[in-house]
Structure formats: structure tokens, C-alpha cells
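Here is protein-v6.txt, consisting of compact mmCIF, C-alpha atoms:
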```txt
# COMPACT_ATOMS: atom_id res chain seq x y z
CA MET A 27 -5.58 1.82 -253.68
CA LYS A 28 -8.36 -0.34 -252.22
CA VAL A 29 -10.98 0.19 -249.54
CA ALA A 30 -13.47 -2.20 -247.93
CA ALA A 31 -17.04 -1.87 -249.17
CA ALA A 32 -18.41 -1.27 -245.66
CA ASP A 33 -15.87 1.51 -245.05
CA LEU A 34 -16.69 3.16 -248.37
CA GLN A 35 -20.40 2.96 -247.53
CA ALA A 36 -19.73 4.63 -244.18
CA LEU A 37 -17.71 7.41 -245.83
CA CYS A 38 -20.50 8.13 -248.32
CA GLU A 39 -23.13 8.24 -245.59
CA ALA A 40 -21.00 10.59 -243.48
CA LEU A 41 -20.39 12.96 -246.39
CA PHE A 42 -24.07 13.11 -247.27
CA ALA A 43 -25.04 13.57 -243.62
CA SER A 44 -22.60 16.50 -243.42
CA ALA A 45 -24.67 18.18 -246.14
CA GLY A 46 -27.93 17.78 -244.23
CA VAL A 47 -29.20 14.55 -245.81
CA SER A 48 -31.24 12.35 -243.44
CA ALA A 49 -29.69 9.11 -242.22
CA ALA A 50 -32.18 6.96 -244.18
CA HIS A 51 -31.68 8.90 -247.41
CA ALA A 52 -27.90 8.98 -246.97
CA ARG A 53 -27.85 5.20 -246.55
CA ALA A 54 -30.01 4.57 -249.63
CA TRP A 55 -27.94 7.01 -251.70
CA ALA A 56 -24.65 5.52 -250.59
CA GLU A 57 -25.83 1.97 -251.30
CA VAL A 58 -26.43 2.79 -254.96
CA LEU A 59 -23.00 4.42 -255.38
CA VAL A 60 -21.08 1.64 -253.62
CA TRP A 61 -23.07 -0.97 -255.57
CA ALA A 62 -21.79 0.63 -258.78
CA ASN A 63 -18.19 0.57 -257.55
CA LEU A 64 -18.57 -3.04 -256.42
CA ARG A 65 -19.67 -4.05 -259.90
CA GLY A 66 -16.83 -2.21 -261.61
CA VAL A 67 -18.95 0.72 -262.79
CA GLU A 68 -16.70 3.45 -261.40
CA SER A 69 -18.37 5.97 -263.69
CA HIS A 70 -21.52 5.87 -261.52
CA GLY A 71 -19.89 5.38 -258.16
CA VAL A 72 -18.28 7.53 -255.48
CA LEU A 73 -16.41 9.72 -257.96
CA ARG A 74 -19.71 11.61 -258.29
CA ILE A 75 -19.89 12.66 -254.63
CA PRO A 76 -17.98 15.97 -254.85
CA ARG A 77 -20.31 17.12 -257.63
CA TYR A 78 -23.39 16.01 -255.69
CA LEU A 79 -22.25 18.02 -252.67
CA GLU A 80 -21.64 21.01 -254.92
CA LEU A 81 -25.17 20.73 -256.33
CA ILE A 82 -26.59 20.72 -252.80
CA GLU A 83 -24.69 23.93 -252.05
CA LEU A 84 -26.00 25.46 -255.28
CA GLY A 85 -29.57 24.55 -254.36
CA GLN A 86 -30.01 22.33 -257.42
CA LEU A 87 -30.18 19.15 -255.32
CA HIS A 88 -32.30 19.21 -252.18
CA ALA A 89 -30.81 17.51 -249.14
CA GLN A 90 -34.26 17.42 -247.51
CA PRO A 91 -36.74 17.13 -250.39
CA GLU A 92 -40.49 17.30 -250.00
CA MET A 93 -41.49 14.48 -252.32
CA LYS A 94 -45.19 14.05 -252.99
CA TRP A 95 -47.43 11.78 -255.05
CA LEU A 96 -49.37 13.72 -257.67
CA THR A 97 -51.25 10.76 -259.17
CA ARG A 98 -52.02 7.23 -258.03
CA ALA A 99 -54.51 5.41 -260.25
CA GLY A 100 -54.52 1.71 -261.09
CA ALA A 101 -51.14 0.76 -262.50
CA ILE A 102 -50.00 4.38 -262.83
CA ALA A 103 -48.38 6.78 -260.40
CA LEU A 104 -46.65 10.15 -260.74
CA LEU A 105 -44.16 11.35 -258.13
CA ASP A 106 -42.84 14.88 -257.75
CA ALA A 107 -39.36 14.31 -256.30
CA ASP A 108 -38.58 17.97 -255.51
CA ARG A 109 -34.97 17.61 -256.69
CA ALA A 110 -34.34 14.73 -254.31
CA PRO A 111 -31.16 12.68 -254.58
CA GLY A 112 -31.84 10.56 -257.66
CA PRO A 113 -31.35 7.19 -255.94
CA VAL A 114 -33.74 8.15 -253.14
CA ALA A 115 -36.47 9.12 -255.61
CA MET A 116 -35.96 6.08 -257.85
CA VAL A 117 -36.06 3.64 -254.93
CA ALA A 118 -39.38 5.18 -253.89
CA ALA A 119 -40.63 4.94 -257.47
CA MET A 120 -39.67 1.31 -257.96
CA ASP A 121 -41.09 0.27 -254.60
CA GLU A 122 -44.37 1.93 -255.61
CA ALA A 123 -44.26 0.18 -259.00
CA ILE A 124 -43.75 -3.18 -257.27
CA ALA A 125 -46.67 -2.52 -254.93
CA ARG A 126 -48.94 -1.64 -257.86
CA ALA A 127 -47.79 -4.71 -259.79
CA ARG A 128 -48.86 -6.88 -256.86
CA ASP A 129 -52.37 -5.45 -257.21
CA VAL A 130 -52.83 -5.13 -260.98
CA HIS A 131 -49.82 -7.08 -262.35
CA VAL A 132 -47.98 -4.01 -263.64
CA GLY A 133 -46.78 -0.80 -262.07
CA TRP A 134 -45.64 2.18 -264.15
CA VAL A 135 -44.31 5.11 -262.14
CA VAL A 136 -43.04 8.37 -263.61
CA VAL A 137 -40.91 10.66 -261.43
CA ARG A 138 -40.39 14.34 -262.18
CA ASP A 139 -37.58 16.56 -260.94
CA ILE A 140 -35.07 14.01 -259.75
CA THR A 141 -31.32 14.51 -259.78
CA HIS A 142 -28.66 12.13 -261.10
CA ALA A 143 -29.84 8.60 -260.28
CA GLY A 144 -26.57 6.70 -260.61
CA ALA A 145 -26.53 3.14 -261.96
CA VAL A 146 -30.18 2.52 -262.88
CA GLY A 147 -29.71 -1.25 -262.92
CA HIS A 148 -29.82 -1.12 -259.14
CA PHE A 149 -33.48 -0.10 -259.20
CA ALA A 150 -34.47 -2.62 -261.88
CA LEU A 151 -32.98 -5.37 -259.70
CA ARG A 152 -35.31 -4.41 -256.85
CA ALA A 153 -38.18 -5.75 -258.95
CA ALA A 154 -36.28 -8.84 -260.13
CA GLU A 155 -35.51 -9.74 -256.51
CA GLN A 156 -39.30 -9.85 -255.98
CA GLY A 157 -39.71 -12.21 -258.95
CA MET A 158 -40.85 -9.41 -261.26
CA VAL A 159 -39.40 -7.87 -264.39
CA GLY A 160 -37.92 -4.46 -263.63
CA MET A 161 -37.35 -1.68 -266.13
CA VAL A 162 -35.90 1.77 -265.42
CA MET A 163 -35.18 4.80 -267.61
CA THR A 164 -33.97 8.31 -266.81
CA ALA A 165 -33.82 11.46 -268.93
CA SER A 166 -31.60 14.52 -268.56
CA ILE A 167 -30.10 17.58 -270.27
CA PRO A 168 -28.27 17.48 -273.64
CA LEU A 169 -24.97 15.60 -273.41
CA MET A 170 -24.99 13.66 -276.67
CA ALA A 171 -24.99 14.49 -280.36
CA TRP A 172 -27.84 13.79 -282.76
CA PRO A 173 -26.46 12.13 -285.91
CA GLY A 174 -25.09 15.00 -287.96
CA SER A 175 -25.26 17.63 -285.21
CA ARG A 176 -22.18 19.56 -284.11
CA GLY A 177 -23.02 19.80 -280.41
CA GLY A 178 -25.18 18.14 -277.79
CA VAL A 179 -28.83 17.65 -278.71
CA LEU A 180 -30.02 14.66 -276.66
CA SER A 181 -28.95 13.03 -273.40
CA THR A 182 -27.23 9.72 -272.72
CA ASN A 183 -30.57 8.55 -271.26
CA PRO A 184 -29.94 5.09 -269.76
CA ILE A 185 -32.25 2.09 -269.74
CA ALA A 186 -32.04 -1.00 -267.54
CA VAL A 187 -34.03 -4.24 -267.70
CA ALA A 188 -33.78 -6.96 -265.05
CA MET A 189 -35.27 -10.39 -265.75
CA PRO A 190 -35.67 -12.83 -262.84
CA ALA A 191 -34.35 -16.35 -263.24
CA GLU A 192 -34.44 -19.59 -261.25
CA GLY A 193 -31.28 -20.77 -259.51
CA ARG A 194 -29.12 -17.97 -260.87
CA ALA A 195 -28.79 -14.20 -260.64
CA PRO A 196 -31.29 -12.18 -262.70
CA LEU A 197 -30.28 -11.15 -266.20
CA LEU A 198 -29.48 -7.45 -266.02
CA LEU A 199 -29.11 -5.17 -269.02
CA ASP A 200 -27.99 -1.69 -267.95
CA MET A 201 -26.86 0.63 -270.74
CA ALA A 202 -26.62 4.23 -271.80
CA THR A 203 -27.96 5.28 -275.18
CA SER A 204 -24.57 6.86 -275.91
CA GLN A 205 -21.51 4.90 -277.00
CA VAL A 206 -20.42 5.16 -273.35
CA SER A 207 -21.84 7.01 -270.36
CA ASN A 208 -20.54 10.44 -269.43
CA GLY A 209 -19.33 8.90 -266.19
CA LYS A 210 -16.82 6.75 -268.09
CA VAL A 211 -15.26 9.91 -269.45
CA LEU A 212 -15.15 11.32 -265.91
CA ALA A 213 -13.51 8.11 -264.71
CA ALA A 214 -10.91 8.36 -267.50
CA LYS A 215 -10.14 11.91 -266.36
CA ASP A 216 -9.63 10.73 -262.77
CA ALA A 217 -7.39 7.91 -263.94
CA ALA A 218 -5.50 10.17 -266.39
CA ALA A 219 -6.28 7.63 -269.11
CA THR A 220 -6.84 8.08 -272.82
CA ILE A 221 -10.18 7.04 -274.29
CA PRO A 222 -10.96 5.16 -277.52
CA THR A 223 -12.02 7.00 -280.63
CA GLY A 224 -15.76 7.02 -281.08
CA TRP A 225 -16.62 7.88 -277.47
CA GLY A 226 -16.97 11.61 -277.94
CA VAL A 227 -16.01 14.72 -279.85
CA ASP A 228 -14.41 18.02 -278.89
CA LYS A 229 -15.95 21.49 -279.06
CA ASP A 230 -15.36 21.58 -282.82
CA GLY A 231 -17.06 18.23 -283.42
CA ALA A 232 -13.80 16.36 -284.04
CA ASP A 233 -13.19 12.90 -282.56
CA THR A 234 -10.78 12.89 -279.63
CA THR A 235 -8.98 10.41 -277.39
CA ASP A 236 -8.35 13.07 -274.71
CA ALA A 237 -11.00 12.73 -272.00
CA THR A 238 -10.42 16.32 -270.90
CA LYS A 239 -11.41 17.60 -274.35
CA VAL A 240 -14.70 15.71 -274.75
CA ALA A 241 -17.49 18.24 -275.22
CA THR A 242 -20.20 15.93 -276.57
CA LEU A 243 -20.73 12.17 -276.44
CA LEU A 244 -21.74 10.12 -279.47
CA PRO A 245 -24.90 7.97 -279.67
CA LEU A 246 -24.73 4.18 -279.55
CA GLY A 247 -25.27 2.84 -283.05
CA GLY A 248 -25.82 6.30 -284.50
CA PRO A 249 -29.53 6.90 -285.16
CA LYS A 250 -30.51 3.82 -283.10
CA GLY A 251 -29.10 5.16 -279.84
CA ALA A 252 -30.28 8.66 -280.66
CA GLY A 253 -33.81 7.47 -281.41
CA LEU A 254 -33.97 5.42 -278.21
CA SER A 255 -32.81 8.43 -276.19
CA LEU A 256 -35.51 10.56 -277.79
CA MET A 257 -38.22 8.06 -276.87
CA ILE A 258 -36.98 7.91 -273.26
CA GLU A 259 -37.28 11.70 -273.13
CA CYS A 260 -40.90 11.29 -274.27
CA LEU A 261 -41.70 8.55 -271.75
CA ALA A 262 -39.90 10.05 -268.76
CA SER A 263 -40.07 13.81 -269.26
CA LEU A 264 -43.00 14.66 -271.50
CA ALA A 265 -45.23 12.18 -269.67
CA ALA A 266 -44.37 14.06 -266.47
CA SER A 267 -45.07 17.45 -268.12
CA ASN A 268 -41.47 18.34 -267.35
CA GLY A 269 -39.65 18.42 -270.67
CA VAL A 270 -35.88 18.68 -270.59
CA ILE A 271 -34.47 18.52 -274.12
CA GLY A 272 -36.87 20.92 -275.84
CA PRO A 273 -36.59 23.69 -273.22
CA ALA A 274 -32.82 23.24 -273.03
CA LEU A 275 -32.33 23.56 -276.80
CA ARG A 276 -34.63 26.57 -276.94
CA GLY A 277 -32.65 28.28 -274.19
CA GLU A 278 -35.57 28.26 -271.77
CA LEU A 279 -33.78 26.57 -268.86
CA PRO A 280 -31.68 28.51 -266.34
CA LYS A 281 -27.94 28.23 -266.90
CA GLY A 282 -26.58 25.09 -265.27
CA ASP A 283 -30.04 23.58 -264.74
CA THR A 284 -29.75 19.88 -263.92
CA ARG A 285 -33.40 18.80 -264.08
CA MET A 286 -34.04 15.11 -264.71
CA ASN A 287 -36.96 12.70 -264.80
CA GLY A 288 -37.32 8.95 -264.46
CA VAL A 289 -39.53 5.92 -265.08
CA ALA A 290 -39.74 2.79 -262.93
CA ILE A 291 -41.72 -0.19 -264.21
CA ALA A 292 -42.47 -3.50 -262.50
CA LEU A 293 -44.15 -6.38 -264.31
CA ASP A 294 -45.63 -9.43 -262.58
CA ILE A 295 -44.41 -12.02 -265.07
CA GLY A 296 -46.51 -14.64 -263.31
CA ALA A 297 -49.64 -12.99 -264.67
CA PHE A 298 -48.86 -14.67 -268.01
CA GLY A 299 -48.71 -18.15 -266.48
CA ASP A 300 -46.56 -20.08 -264.03
CA GLY A 301 -44.02 -17.54 -262.78
CA ALA A 302 -41.59 -20.20 -261.54
CA ALA A 303 -41.75 -22.00 -264.89
CA ILE A 304 -41.00 -18.77 -266.74
CA ARG A 305 -38.02 -18.11 -264.47
CA ARG A 306 -36.75 -21.64 -265.17
CA GLU A 307 -37.05 -20.95 -268.89
CA VAL A 308 -34.95 -17.79 -268.45
CA THR A 309 -32.25 -19.90 -266.77
CA ALA A 310 -32.46 -22.55 -269.49
CA LEU A 311 -32.13 -19.91 -272.20
CA ALA A 312 -29.08 -18.40 -270.52
CA ASP A 313 -27.49 -21.82 -270.08
CA THR A 314 -28.16 -22.70 -273.71
CA ILE A 315 -26.55 -19.53 -275.00
CA LYS A 316 -23.54 -19.94 -272.71
CA ALA A 317 -23.04 -23.49 -274.01
CA GLN A 318 -22.69 -22.39 -277.64
CA PRO A 319 -19.31 -22.74 -279.39
CA LYS A 320 -16.88 -19.94 -278.55
CA ALA A 321 -14.90 -17.91 -281.05
CA PRO A 322 -11.09 -18.16 -280.94
CA GLY A 323 -9.76 -16.32 -277.91
CA ALA A 324 -13.09 -16.14 -276.10
CA GLU A 325 -13.02 -17.55 -272.59
CA GLU A 326 -16.74 -17.48 -271.86
CA LEU A 327 -20.04 -16.32 -273.29
CA LEU A 328 -21.31 -13.88 -270.68
CA MET A 329 -24.95 -13.09 -270.01
CA PRO A 330 -26.05 -9.52 -269.19
CA GLY A 331 -25.02 -8.79 -265.61
CA GLU A 332 -22.57 -11.67 -265.19
CA ARG A 333 -19.44 -9.55 -265.54
CA GLY A 334 -20.69 -7.21 -262.83
CA ASP A 335 -21.68 -10.10 -260.58
CA ALA A 336 -18.18 -11.58 -260.83
CA VAL A 337 -16.49 -8.23 -260.17
CA LYS A 338 -18.75 -7.66 -257.16
CA ALA A 339 -17.83 -11.01 -255.61
CA LYS A 340 -14.12 -10.26 -256.03
CA ARG A 341 -14.36 -6.72 -254.67
CA LEU A 342 -16.39 -7.79 -251.66
CA ARG A 343 -13.56 -10.19 -250.88
CA ASP A 344 -10.51 -8.10 -251.81
CA GLY A 345 -11.72 -4.50 -251.54
CA ILE A 346 -12.82 -1.83 -253.99
CA PRO A 347 -10.08 -0.15 -256.05
CA ILE A 348 -10.33 3.64 -256.20
CA ALA A 349 -8.51 5.82 -258.72
CA LYS A 350 -5.99 8.23 -257.19
CA GLY A 351 -7.81 11.22 -258.64
CA THR A 352 -11.11 10.08 -257.15
CA TRP A 353 -9.55 9.42 -253.74
CA ALA A 354 -7.87 12.84 -253.73
CA ARG A 355 -11.15 14.63 -254.50
CA LEU A 356 -13.00 12.65 -251.83
CA ALA A 357 -10.27 13.43 -249.29
CA GLU A 358 -10.54 17.12 -250.13
CA VAL A 359 -14.29 17.35 -249.54
CA ALA A 360 -14.01 15.12 -246.45
CA ALA A 361 -11.38 17.38 -244.91
CA ALA A 362 -13.50 20.45 -245.57
CA ARG A 363 -16.44 18.82 -243.76
CA GLY A 364 -14.56 17.25 -240.87
CA VAL A 365 -15.21 13.70 -242.09
CA ALA A 366 -12.49 11.09 -241.53
CA MET A 367 -11.31 9.12 -244.52
CA PRO A 368 -11.30 5.32 -244.12
CA ALA A 369 -8.10 3.32 -243.96
CA LEU A 370 -6.93 1.74 -247.21
CA LEU A 371 -6.48 -2.01 -247.41
```
What is this structure when it is put down as C-alpha cells?
Amino acid sequence: MKVAAADLQALCEALFASAGVSAAHARAWAEVLVWANLRGVESHGVLRIPRYLELIELGQLHAQPEMKWLTRAGAIALLDADRAPGPVAMVAAMDEAIARARDVHVGWVVVRDITHAGAVGHFALRAAEQGMVGMVMTASIPLMAWPGSRGGVLSTNPIAVAMPAEGRAPLLLDMATSQVSNGKVLAAKDAAATIPTGWGVDKDGADTTDATKVATLLPLGGPKGAGLSLMIECLASLAASNGVIGPALRGELPKGDTRMNGVAIALDIGAFGDGAAIRREVTALADTIKAQPKAPGAEELLMPGERGDAVKAKRLRDGIPIAKGTWARLAEVAAARGVAMPALL
């Protein structure tokens, strides 16, 4: 089952508009989701829409948020997102960070009370496309074990870094601090696929290959992923005076609370010297690594972001594949809202 990117974008916008989201916000939100699907990151794409619409109905995600800047001083800014769609808030944050980096060479923006932001690499790339280094982090409720814990203690807090290059796409590292993101488990459920051992554990803390039984995800590299997640909680949540993990573990949050926070950073790499020369060095480094001898069976040494770039090019040409489970859930919410589903390719 495949659909054209433009048609999928239009479907997303229509579904969000049916929930009261403004045209501009619906477009920005849809762009982030379709971008994820184009790059083969189904876990952060349109499969999330039914849940987003449910959160709007529950009042946990505001279709018409009243975002406001609480602090703007030098390189620093703090945005209260008022439970805005995560992509809408993070685009605003990164654009502010870029503007501050133009003035003082670095912009560091913290955003409080966002909702799920999707694939955070999208926002880091906004800075790289301006010739700057982009870095993005988000923090949310417990979804991941601490080494030795039985249940969820930390979140899968993602981090993305985009490094501009000369004559090639930026290098883009976009990763969760868990072994895999929660969205990959959701995607496995939609595709009725088994998952590898080591992704997550069931309610009793036992490893499972059944996506429907995953209760808690496992940290990437054990204490390394757990420690990185903890520091992101400090930088994104505690810095915004809007802690998530501590209140959640102490039972201080309302049941089902989905509060999140984010950080968007832009760095004017040219402040250290000749920006174009540094970008050329990034390209030279990537080329040098890619030219190294390959292990038996390896076709290519891929740089961060290259796999996604290749998938995007193919899907723009041939269409975006959608799992049957995802398509069925989208069709269900579309029918309930009077939104027409696009034709399949």
C-alpha cells in the first residue's frame, strides 16, 4: 500500500484542521510527520495521528495554543508552549534559536509544556540548512527502564545533531536514548511483526519479542543511554522548571499526563573561523570515512542521515508505503470526521 507524499500531507492537514488546528499549524505539523515517513521512520510518522486527535479531545493537546515567550535574553530564550502540537512548538523554538545565533553566535531555547514532537532531526536540520549546527532534545514521561529497575523510570528522550557540510547533505544523527524508540514498537504492532530481543520487557520485567506485550523499553547501552536520558531531563525539563520524571515517579502527575519539554540549539559554526572551510572539512571527513575498507558483506559505509536521504528520494519517486494497520486506523478517524482518504498508488 503506497500513497504519494503530497496526498499524505493533504490528508494530515485535513485531519488536523477537522480538530480545530489552524491551517498554518496543521501544515507545519503534517510536514514533520510526512518527513518521517519519507525517510523510513514510520514510528514517528502518520501512525501517530489517531492518538494525537484523541489527545486533543481529552484536552491534553491544545489545537489552538496560546504560546508565549517567558524569557528572551542574549543567547537564551524560554517558551511556554501551552501544550501546543510538539512540531509547532519546536519549529518556533529552533527558528528563535537560529535568530539568536545570528546575533550572538549561539541560540539556546528551552520549551516547556509541548506535546509529542515527532522526529526531532527535522528541527535540527532547520539550523543546518542555514549553515549552522543544530541540536534538539526532548524529554517526556517514564517509558524506559533504569538499569536494574523492574518498570519504567526514565523516558526514551531523543537527541538529534545536524552538522552542515559543503556539496552534500548535512550529517544528521537522530537517536532515542532507548534501544529503539517507542514508535518502533507501535509500528511493529501495526505491521503485526515480531520484535528483536533487547527492545523491551513485559510487565514482569522479562524480555519479549511480542510488541503487544512490551511494557517498558530498555536503555541504549545500559547505563550510557540511561545516563544520557537523565541529563536531557535536566536540560529540557528542570531548566524549564517543569520536571517530568521526578513528579511522575512520586505520583504527583495526573493520571495519563503527557507533559513534555524540549531544547533547540543553533550554533554559528562560522564564529570559530571560516564557516565554508569548516563545512568543506565536514565533507572531507565524511568522504574519508566512506572510503575506508569495508568488512565482508558490507555494501557501503553510511554516514549519519544517508540512509534516510536515500529512502526519501525513493519514496518521493515511488510513493510512501503505509502498513495496513496504520491505514485502517487513519481511515477510521477520517470517516468519523468526514475527511476523504487519498487514492493509493
Q.
Here is a test: counting only C-alpha atoms, which residue of A:Glu155, A:Asp216, A:Asp335, A:Asp283 is nearest to A:Pro190?
A.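 The shortest atom-to-atom distance to A:Pro190 comes from A:Glu155.
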Q) If you count all atoms listed in the file, which residues fall within 9 Å of stretch 61-73 of chain A, apart from same-chain ones fewer than 4 positions away, as a ChimeraX atom specification? A) /A:31,34,38,56-57,77,143-145,148,207-214,216,333-342,345-349,351-353,355-356
Q. Neighbours of A:Ala165 within 10 Å (only C-alpha atoms; same-chain residues fewer than 4 positions away dropped), as an MDAnalysis selection string?
A. chainID A and resid 138 140:143 180:185 255:263 269:271 285:289
Saved selection, atoms kept: C-alpha atoms, as a short mmCIF file (atom, residue, chain, number, x, y, z; two decimals), in the frame of the given file:
```
data_model
loop_
_atom_site.label_atom_id
_atom_site.label_comp_id
_atom_site.auth_asym_id
_atom_site.auth_seq_id
_atom_site.Cartn_x
_atom_site.Cartn_y
_atom_site.Cartn_z
CA ARG A 138 -40.39 14.34 -262.18
CA ILE A 140 -35.07 14.01 -259.75
CA THR A 141 -31.32 14.51 -259.78
CA HIS A 142 -28.66 12.13 -261.10
CA ALA A 143 -29.84 8.60 -260.28
CA LEU A 180 -30.02 14.66 -276.66
CA SER A 181 -28.95 13.03 -273.40
CA THR A 182 -27.23 9.72 -272.72
CA ASN A 183 -30.57 8.55 -271.26
CA PRO A 184 -29.94 5.09 -269.76
CA ILE A 185 -32.25 2.09 -269.74
CA SER A 255 -32.81 8.43 -276.19
CA LEU A 256 -35.51 10.56 -277.79
CA MET A 257 -38.22 8.06 -276.87
CA ILE A 258 -36.98 7.91 -273.26
CA GLU A 259 -37.28 11.70 -273.13
CA CYS A 260 -40.90 11.29 -274.27
CA LEU A 261 -41.70 8.55 -271.75
CA ALA A 262 -39.90 10.05 -268.76
CA SER A 263 -40.07 13.81 -269.26
CA GLY A 269 -39.65 18.42 -270.67
CA VAL A 270 -35.88 18.68 -270.59
CA ILE A 271 -34.47 18.52 -274.12
CA ARG A 285 -33.40 18.80 -264.08
CA MET A 286 -34.04 15.11 -264.71
CA ASN A 287 -36.96 12.70 -264.80
CA GLY A 288 -37.32 8.95 -264.46
CA VAL A 289 -39.53 5.92 -265.08
#
```
Q: Excluding A:Leu311 and residues on its chain fewer than 2 positions from it, collect all residues at most 12 Å away from it, counting all atoms listed in the file, and give them as a PyMOL selection string.
A: chain A and resi 189+191-192+194+197+304-309+313-318+329
Q. How many Å separate atom CA of A:Pro76 from atom CA of A:Val359?
A.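 Computing the Euclidean distance for atom CA of A:Pro76 and atom CA of A:Val359 yields 6.6 Å.
Between atom CA of A:Ser175 and atom CA of A:Gly231 there is a distance of 8.4 Å.
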Q) Leaving out A:Gly247 and any residue of its chain fewer than 6 positions from it, which residues lie within 10 Å of it when counting only C-alpha atoms, given as a PyMOL selection string? A) chain A and resi 173+203-205+253
(Q) From the options A:Ala153, A:Ile167, A:Val206, A:Ala324, which residue's atoms come nearest to A:Gly251, counting all atoms listed in the file? (A)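 Looking only at the distances to A:Gly251, the closest residue turns out to be A:Val206.
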Q: May I ask for the distance between atom CA of A:Asp108 and atom CA of A:Asn268, given in Å to one decimal place?
A: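 Value for the atom CA of A:Asp108-atom CA of A:Asn268 distance: 12.2 Å.
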Each side padded by 3 Å, which centre and which edge lengths in Å (one decimal) define the axis-aligned box around the listed atoms of stretch 111-119 of chain A? Give them as lines of an AutoDock Vina configuration file.
```
center_x = -35.9
center_y = 8.2
center_z = -255.5
size_x = 15.5
size_y = 15.0
size_z = 10.7
```
Q | Proximity to A:Leu199 - best of A:Leu151, A:Ala297, A:Ala232, A:Ala36, all atoms listed in the file | A |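 Going through A:Leu151, A:Ala297, A:Ala232, A:Ala36 one by one, the smallest distance to A:Leu199 is for A:Leu151.
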Q.
Restricting the calculation to all atoms listed in the file: of A:Val136, A:Ala45, A:Leu59, A:Ala50, which residue gets closest to A:Gly364?
A.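 Among the listed residues, A:Ala45 lies closest to A:Gly364.
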List as a tab-separated table every residue of stretch 291-338 of chain A that is in contact with stretch 114-129 of chain A, defined as an atom at most 6 Å from one of its atoms (using all atoms listed in the file), together with the nearest atom pair and the distance in Å rounded to one decimal, sorted by chain and then rising number.
```
residue	atom	partner	partner_atom	distance
A:Ile291	CA	A:Ala123	CA	5.8
A:Ala292	CA	A:Ala123	CA	5.4
A:Asp294	CA	A:Ala127	CA	5.9
```
Q. Out of A:Gly100, A:Leu244, A:His51, A:Ala360, which residue has the shortest atom-to-atom distance to A:Asp228 when counting all atoms listed in the file?
A.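 When distances to A:Asp228 are compared using all atoms listed in the file, the smallest one comes from A:Leu244.
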Would you fill out stretch 264-284 of chain A with N, CA and C atoms and return it as a PDB file, keeping the file's coordinate frame?
```
ATOM      1  N   LEU A 264     -41.758  14.098-270.982  1.00  0.00           N
ATOM      2  CA  LEU A 264     -43.000  14.660-271.500  1.00  0.00           C
ATOM      3  C   LEU A 264     -44.210  14.090-270.781  1.00  0.00           C
ATOM      4  N   ALA A 265     -44.126  12.792-270.416  1.00  0.00           N
ATOM      5  CA  ALA A 265     -45.230  12.180-269.670  1.00  0.00           C
ATOM      6  C   ALA A 265     -45.399  12.823-268.299  1.00  0.00           C
ATOM      7  N   ALA A 266     -44.316  13.398-267.777  1.00  0.00           N
ATOM      8  CA  ALA A 266     -44.370  14.060-266.470  1.00  0.00           C
ATOM      9  C   ALA A 266     -44.617  15.557-266.611  1.00  0.00           C
ATOM     10  N   SER A 267     -44.889  16.010-267.846  1.00  0.00           N
ATOM     11  CA  SER A 267     -45.070  17.450-268.120  1.00  0.00           C
ATOM     12  C   SER A 267     -43.879  18.260-267.622  1.00  0.00           C
ATOM     13  N   ASN A 268     -42.692  17.703-267.833  1.00  0.00           N
ATOM     14  CA  ASN A 268     -41.470  18.340-267.350  1.00  0.00           C
ATOM     15  C   ASN A 268     -40.358  18.135-268.374  1.00  0.00           C
ATOM     16  N   GLY A 269     -40.613  18.600-269.596  1.00  0.00           N
ATOM     17  CA  GLY A 269     -39.650  18.420-270.670  1.00  0.00           C
ATOM     18  C   GLY A 269     -38.276  18.963-270.333  1.00  0.00           C
ATOM     19  N   VAL A 270     -37.259  18.273-270.831  1.00  0.00           N
ATOM     20  CA  VAL A 270     -35.880  18.680-270.590  1.00  0.00           C
ATOM     21  C   VAL A 270     -35.206  19.125-271.883  1.00  0.00           C
ATOM     22  N   ILE A 271     -35.231  18.260-272.889  1.00  0.00           N
ATOM     23  CA  ILE A 271     -34.470  18.520-274.120  1.00  0.00           C
ATOM     24  C   ILE A 271     -35.010  19.741-274.865  1.00  0.00           C
ATOM     25  N   GLY A 272     -36.307  19.786-275.114  1.00  0.00           N
ATOM     26  CA  GLY A 272     -36.870  20.920-275.840  1.00  0.00           C
ATOM     27  C   GLY A 272     -36.565  22.249-275.180  1.00  0.00           C
ATOM     28  N   PRO A 273     -36.897  22.424-273.891  1.00  0.00           N
ATOM     29  CA  PRO A 273     -36.590  23.690-273.220  1.00  0.00           C
ATOM     30  C   PRO A 273     -35.098  24.014-273.211  1.00  0.00           C
ATOM     31  N   ALA A 274     -34.263  22.995-273.058  1.00  0.00           N
ATOM     32  CA  ALA A 274     -32.820  23.240-273.030  1.00  0.00           C
ATOM     33  C   ALA A 274     -32.335  23.764-274.381  1.00  0.00           C
ATOM     34  N   LEU A 275     -32.781  23.144-275.472  1.00  0.00           N
ATOM     35  CA  LEU A 275     -32.330  23.560-276.800  1.00  0.00           C
ATOM     36  C   LEU A 275     -32.880  24.926-277.191  1.00  0.00           C
ATOM     37  N   ARG A 276     -34.045  25.261-276.649  1.00  0.00           N
ATOM     38  CA  ARG A 276     -34.630  26.570-276.940  1.00  0.00           C
ATOM     39  C   ARG A 276     -34.117  27.669-276.022  1.00  0.00           C
ATOM     40  N   GLY A 277     -33.219  27.299-275.102  1.00  0.00           N
ATOM     41  CA  GLY A 277     -32.650  28.280-274.190  1.00  0.00           C
ATOM     42  C   GLY A 277     -33.594  28.725-273.093  1.00  0.00           C
ATOM     43  N   GLU A 278     -34.566  27.883-272.764  1.00  0.00           N
ATOM     44  CA  GLU A 278     -35.570  28.260-271.770  1.00  0.00           C
ATOM     45  C   GLU A 278     -35.221  27.828-270.350  1.00  0.00           C
ATOM     46  N   LEU A 279     -34.171  27.020-270.190  1.00  0.00           N
ATOM     47  CA  LEU A 279     -33.780  26.570-268.860  1.00  0.00           C
ATOM     48  C   LEU A 279     -32.730  27.512-268.279  1.00  0.00           C
ATOM     49  N   PRO A 280     -32.730  27.699-266.964  1.00  0.00           N
ATOM     50  CA  PRO A 280     -31.680  28.510-266.340  1.00  0.00           C
ATOM     51  C   PRO A 280     -30.311  27.897-266.604  1.00  0.00           C
ATOM     52  N   LYS A 281     -29.280  28.715-266.664  1.00  0.00           N
ATOM     53  CA  LYS A 281     -27.940  28.230-266.900  1.00  0.00           C
ATOM     54  C   LYS A 281     -27.537  27.242-265.808  1.00  0.00           C
ATOM     55  N   GLY A 282     -27.015  26.099-266.223  1.00  0.00           N
ATOM     56  CA  GLY A 282     -26.580  25.090-265.270  1.00  0.00           C
ATOM     57  C   GLY A 282     -27.703  24.240-264.707  1.00  0.00           C
ATOM     58  N   ASP A 283     -28.918  24.366-265.239  1.00  0.00           N
ATOM     59  CA  ASP A 283     -30.040  23.580-264.740  1.00  0.00           C
ATOM     60  C   ASP A 283     -29.766  22.092-264.907  1.00  0.00           C
ATOM     61  N   THR A 284     -30.058  21.316-263.890  1.00  0.00           N
ATOM     62  CA  THR A 284     -29.750  19.880-263.920  1.00  0.00           C
ATOM     63  C   THR A 284     -31.010  19.030-263.803  1.00  0.00           C
TER      64      THR A 284
END
```
